[in-house]
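To keep things clear, I will list the structure first and then write my remarks on it.
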Amino acid sequence: DSFVQGTDIYAPDGYERRLYNATLLYEGKEPKELFPIWALWVDAADADEASILQTNIKSYVDQSALQFITGNKDLDKDWDSYVKGLEDLKVGRYLEIMQKAYDASFK
């Protein structure tokens with residue numbers, strides 16, 4: 001009842017082993033602390049606002065990351081406008097809501 005797996009990580013059937021070996025490179029490098037977003041309970045009065053802000057911010061960050069990676073934006077030239085875009089999306093308000101939820105969850 002065991003499975004045989006090839007040792008050639010570059011063979012078509014060795015992809016899973018290749019991924020596994022790649023994850024081993026990060027062993028012991030995990031952050032000491034994680035932000036427990038899964039354990040936060042956002043107040044019902046703030047939940048809709050937090051959800052909308054989170055969706056907009058995540059979309060903006062994902063799109064901007066892609067533009068920085070592909071070279072459509074330059075880190076040196078466009079960073080300030082990127083940060084301004086986050087501010088325009090009310091990232092400060094989002095952090096305020098999340099901090100309030102964190103404080104309430106971990107008193």
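Convention: chains lettered A, B, ... in structure tokens order; per-chain residue numbering from 1; ligands numbered from 1 as shown.
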Might you pull out every residue within 12 Å of Asp48 of chain A, with only C-alpha atoms counted and same-chain residues fewer than 6 positions away left off, and present them as a ChimeraX atom specification? /A:42,54-55,94,97
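Comparing A:Lys100, A:Lys107, A:Leu19, A:Ser81 by their smallest distance to Ala47 of chain A, the closest is A:Lys100 (using only C-alpha atoms).
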Work out how far apart atom CA of Val83 of chain A and atom CA of Tyr102 of chain A are and give it in Å to one decimal. 23.9 Å
